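Peer 1: Take a look at this one; I'll ask things after.
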Amino acid sequence: MTMTKKRKIVVSCAITPVLLLLAGFVFLSSRTSQTELRAQFSDGQMGCMPLSGRPIFLEVSPGLKFKVDTGSDLSFITEEDLAYLKSHGCDVEEMIYPVLGRDGIGDIQFNVRRYRVSIPFHKYECELDSMGHMHYVCDRTSVNMIHNVDFAPSETGFSVLGMDFLEKFDVEYLQSKNMLAFYFEPPMDYEACAELSVSKSPLDWIYPGHRYYMDIEIDHSAAHNYLDTGVQRAFVKMPTKRAKNMDNMVRDSISSMRGTYPALIDTAAWLSIGNREGVAYVYYYTNDEEDYAINPLNIFKLDILMDFPGRRIMMRR
């Protein structure tokens, strides 16, 4: 074999894996999700449903709950919840559609199958008993079918409404009632507070859902925080290395789907979000998730609107 032929073989062996990797990247980045999604009734509030637990789950219909997770690139559904939908007359279609994304625990899953289903949204009433405890009553006549919702099979034991689904809506968090409401247009009684940006990293192109970030300030120091409704307890998460005056902080621990971690809590941090500011708790801990995060569902005493189509956070006037 001549030197020229040897060189060609070596070059070919080096290029082929790169071309295969590039082809795989292009293929996965062309995968989409929720492109056919539509609501039976699309005007105004499409559903208003209660939240519970840690992590946070949304009861869209009695007996049907989904984890609300902006950290999940895809929406996932269990076989049990598919059976629930079928038994209630909802459409369930199985498809072959390869897709890649983070699940409700934060692990990356590659799935060949997907389901396209209809899920019922309801409107619940929140009632307080004599002890001040909240109870929720579902108006079963208020059902609003959300059609053509794409799900990957869940391997975690629970179903998830991921970022690919949530970013199709304006999602309102009613803090005093601990409920979520969904809209296609923002309700009138909110005003813009801060802008949301999306990750431009090529590594995120292969995932169907965007990754959203918000600029904030902690004690007049800027931070770029990931919008993650999977963060438990904490409204604002910062890495341990950013903690100052540790002697004046409360020592605690934080649990997530990834484990339990020691944490420091600044109970008197000065937080600025866009045109709003005030004292807030900031949790300092480090794990294998995003170092800088913010969970609007853990906000205290404020209603908030996540306007994903408009890429902004809004607060009630």
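Residue numbering restarts at 1 in every chain; chains get A, B, ... in the order shown in the structure tokens, and ligands count up from 1 in that same order.
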From a backbone DSSP assignment, name each residue in segment 206-317 of chain A labelled strand (DSSP E or B), as JSON, numbers by chain.

Peer 2: {"A": [212, 213, 214, 215, 216, 217, 218, 221, 222, 223, 224, 225, 226, 227, 236, 237, 238, 250, 251, 252, 253, 254, 255, 256, 259, 260, 261, 262, 263, 264, 265, 266, 267, 268, 269, 270, 271, 272, 273, 276, 277, 278, 279, 280, 281, 282, 283, 284, 293, 294, 304, 305, 306, 307, 312, 313, 314, 315, 316]}

Peer 1: May I have a table of the residues of segment 234-306 of chain A lying at most 7 Å from segment 172-186 of chain A, giving each one's closest pair of atoms and their distance in Å to one decimal, counting only C-alpha atoms, ordered by chain and ascending residue number, as a tab-separated table?

Peer 2:
```
residue	atom	partner	partner_atom	distance
A:Leu297	CA	A:Tyr173	CA	6.7
A:Lys301	CA	A:Gln175	CA	6.3
A:Leu302	CA	A:Gln175	CA	5.9
A:Asp303	CA	A:Leu174	CA	5.0
A:Ile304	CA	A:Tyr173	CA	5.3
A:Leu305	CA	A:Glu172	CA	4.3
A:Met306	CA	A:Glu172	CA	6.3
```

Peer 1: What does the distance between atom CA of Arg140 of chain A and atom CA of Pro153 of chain A come to in Å, to one decimal place?

Peer 2: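 Atom-to-atom, atom CA of Arg140 of chain A to atom CA of Pro153 of chain A, that is 27.6 Å.
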
Peer 1: Looking at only C-alpha atoms, which of A:Met315, A:Leu128, A:Ala83, A:Val60 is the one that sits closest to Met46 of chain A?

Peer 2: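 Under the stated criterion, the closest residue is A:Val60.
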
Peer 1: Can you pull out every residue within 12 Å of segment 141-145 of chain A, counting only C-alpha atoms, but drop anything in the same chain fewer than 2 positions away, and send it as a ChimeraX atom specification?

Peer 2: /A:37-49,60-62,85,88-91,117-125,137-139,147-149,182-183

Peer 1: Quick one: pick out all helix (DSSP H, G or I) residues within segment 97-315 of chain A from a backbone DSSP run and write them as an MDAnalysis selection string.

Peer 2: chainID A and resid 163:166 202:204 240:242 246:248 296:298

Peer 1: Interatomic distance between atom CA of Asp266 of chain A and atom CA of Tyr281 of chain A?

Peer 2: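 About the pair atom CA of Asp266 of chain A and atom CA of Tyr281 of chain A: they are 5.6 Å apart.
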
Peer 1: Got a sec: who's within 10 Å of Gly53 of chain A, counting only C-alpha atoms, leaving out chain neighbours fewer than 5 positions off, as a ChimeraX atom specification?

Peer 2: /A:58,67,232

Peer 1: Would you please work out which residue, of A:Val99, A:Lys168, A:Phe151, A:Glu191, is nearest to Phe66 of chain A when using only C-alpha atoms?

Peer 2: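 The shortest atom-to-atom distance to Phe66 of chain A comes from A:Phe151.
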
Peer 1: Counting only C-alpha atoms, figure out which residue out of A:Leu264, A:Ile105, A:Ala269, A:Ile299 gets nearest to Gly157 of chain A.

Peer 2: A:Ile105

Peer 1: Which of these residues is nearest to Ile56 of chain A, using only C-alpha atoms: A:Met131, A:Val236, A:Val68, A:Val171?

Peer 2: A:Val68

Peer 1: Per residue of segment 163-187 of chain A within 8 Å of segment 198-210 of chain A, note the shortest atom pair and the distance in Å to one decimal, counting only C-alpha atoms, and order the rows by chain and increasing residue number, as JSON lines.

Peer 2:
```
{"residue": "A:Met163", "atom": "CA", "partner": "A:Gly209", "partner_atom": "CA", "distance": 5.0}
{"residue": "A:Asp164", "atom": "CA", "partner": "A:Gly209", "partner_atom": "CA", "distance": 4.1}
{"residue": "A:Phe165", "atom": "CA", "partner": "A:Gly209", "partner_atom": "CA", "distance": 7.9}
{"residue": "A:Glu167", "atom": "CA", "partner": "A:Gly209", "partner_atom": "CA", "distance": 7.7}
```

Peer 1: Suppose we keep all heavy atoms; can you now write the selection as a PDB file, in the first residue's frame?

Peer 2:
```pdb
ATOM      1  N   MET A 163     -40.650  22.400  29.532  1.00  0.00           N
ATOM      2  CA  MET A 163     -40.528  23.720  28.937  1.00  0.00           C
ATOM      3  C   MET A 163     -41.125  23.784  27.544  1.00  0.00           C
ATOM      4  O   MET A 163     -41.639  24.827  27.122  1.00  0.00           O
ATOM      5  CB  MET A 163     -39.042  24.114  28.893  1.00  0.00           C
ATOM      6  CG  MET A 163     -38.793  25.590  28.700  1.00  0.00           C
ATOM      7  SD  MET A 163     -39.346  26.576  30.092  1.00  0.00           S
ATOM      8  CE  MET A 163     -40.746  27.433  29.403  1.00  0.00           C
ATOM      9  N   ASP A 164     -41.076  22.670  26.800  1.00  0.00           N
ATOM     10  CA  ASP A 164     -41.645  22.678  25.459  1.00  0.00           C
ATOM     11  C   ASP A 164     -43.136  22.989  25.490  1.00  0.00           C
ATOM     12  O   ASP A 164     -43.667  23.613  24.566  1.00  0.00           O
ATOM     13  CB  ASP A 164     -41.377  21.350  24.745  1.00  0.00           C
ATOM     14  CG  ASP A 164     -42.062  20.167  25.428  1.00  0.00           C
ATOM     15  OD1 ASP A 164     -42.234  20.211  26.660  1.00  0.00           O
ATOM     16  OD2 ASP A 164     -42.408  19.196  24.725  1.00  0.00           O
ATOM     17  N   PHE A 165     -43.824  22.586  26.565  1.00  0.00           N
ATOM     18  CA  PHE A 165     -45.251  22.864  26.740  1.00  0.00           C
ATOM     19  C   PHE A 165     -45.471  24.236  27.369  1.00  0.00           C
ATOM     20  O   PHE A 165     -46.249  25.049  26.858  1.00  0.00           O
ATOM     21  CB  PHE A 165     -45.874  21.772  27.625  1.00  0.00           C
ATOM     22  CG  PHE A 165     -47.328  21.987  27.941  1.00  0.00           C
ATOM     23  CD1 PHE A 165     -48.305  21.547  27.073  1.00  0.00           C
ATOM     24  CD2 PHE A 165     -47.717  22.632  29.106  1.00  0.00           C
ATOM     25  CE1 PHE A 165     -49.659  21.742  27.358  1.00  0.00           C
ATOM     26  CE2 PHE A 165     -49.056  22.833  29.409  1.00  0.00           C
ATOM     27  CZ  PHE A 165     -50.032  22.388  28.524  1.00  0.00           C
ATOM     28  N   GLU A 167     -43.774  26.959  27.532  1.00  0.00           N
ATOM     29  CA  GLU A 167     -43.424  28.180  26.822  1.00  0.00           C
ATOM     30  C   GLU A 167     -44.433  28.545  25.726  1.00  0.00           C
ATOM     31  O   GLU A 167     -44.294  29.582  25.086  1.00  0.00           O
ATOM     32  CB  GLU A 167     -42.014  28.080  26.246  1.00  0.00           C
ATOM     33  CG  GLU A 167     -41.831  27.091  25.127  1.00  0.00           C
ATOM     34  CD  GLU A 167     -40.395  27.084  24.614  1.00  0.00           C
ATOM     35  OE1 GLU A 167     -39.664  28.060  24.846  1.00  0.00           O
ATOM     36  OE2 GLU A 167     -40.015  26.083  23.980  1.00  0.00           O
TER      37      GLU A 167
END
```

Peer 1: Which neighbours of Asp189 of chain A fall inside 7 Å, counting only C-alpha atoms, when residues of the same chain fewer than 2 positions from it are skipped, and could you give them as a PyMOL selection string?

Peer 2: chain A and resi 187+191+316-317

Peer 1: Of the candidates A:Thr78, A:Thr32, A:Ser272, A:Thr267, which shows the shortest atom-to-atom distance to Leu64 of chain A, using only C-alpha atoms?

Peer 2: A:Thr78

Peer 1: Atom CA of Thr229 of chain A and atom CA of Gly71 of chain A are how many Å apart?

Peer 2: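 So the two atoms, atom CA of Thr229 of chain A and atom CA of Gly71 of chain A, lie 6.9 Å apart.
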
Peer 1: Please list as a PyMOL selection string every residue within 8 Å of Pro239 of chain A, counting only C-alpha atoms and excluding residues in the same chain fewer than 6 positions away.

Peer 2: chain A and resi 284-286+291-292

Peer 1: Under the rule that only C-alpha atoms are counted, which of A:Phe235, A:Phe57, A:Glu277, A:Ser154 is the nearest residue to Glu79 of chain A?

Peer 2: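 Closest to Glu79 of chain A of all the choices is A:Ser154.
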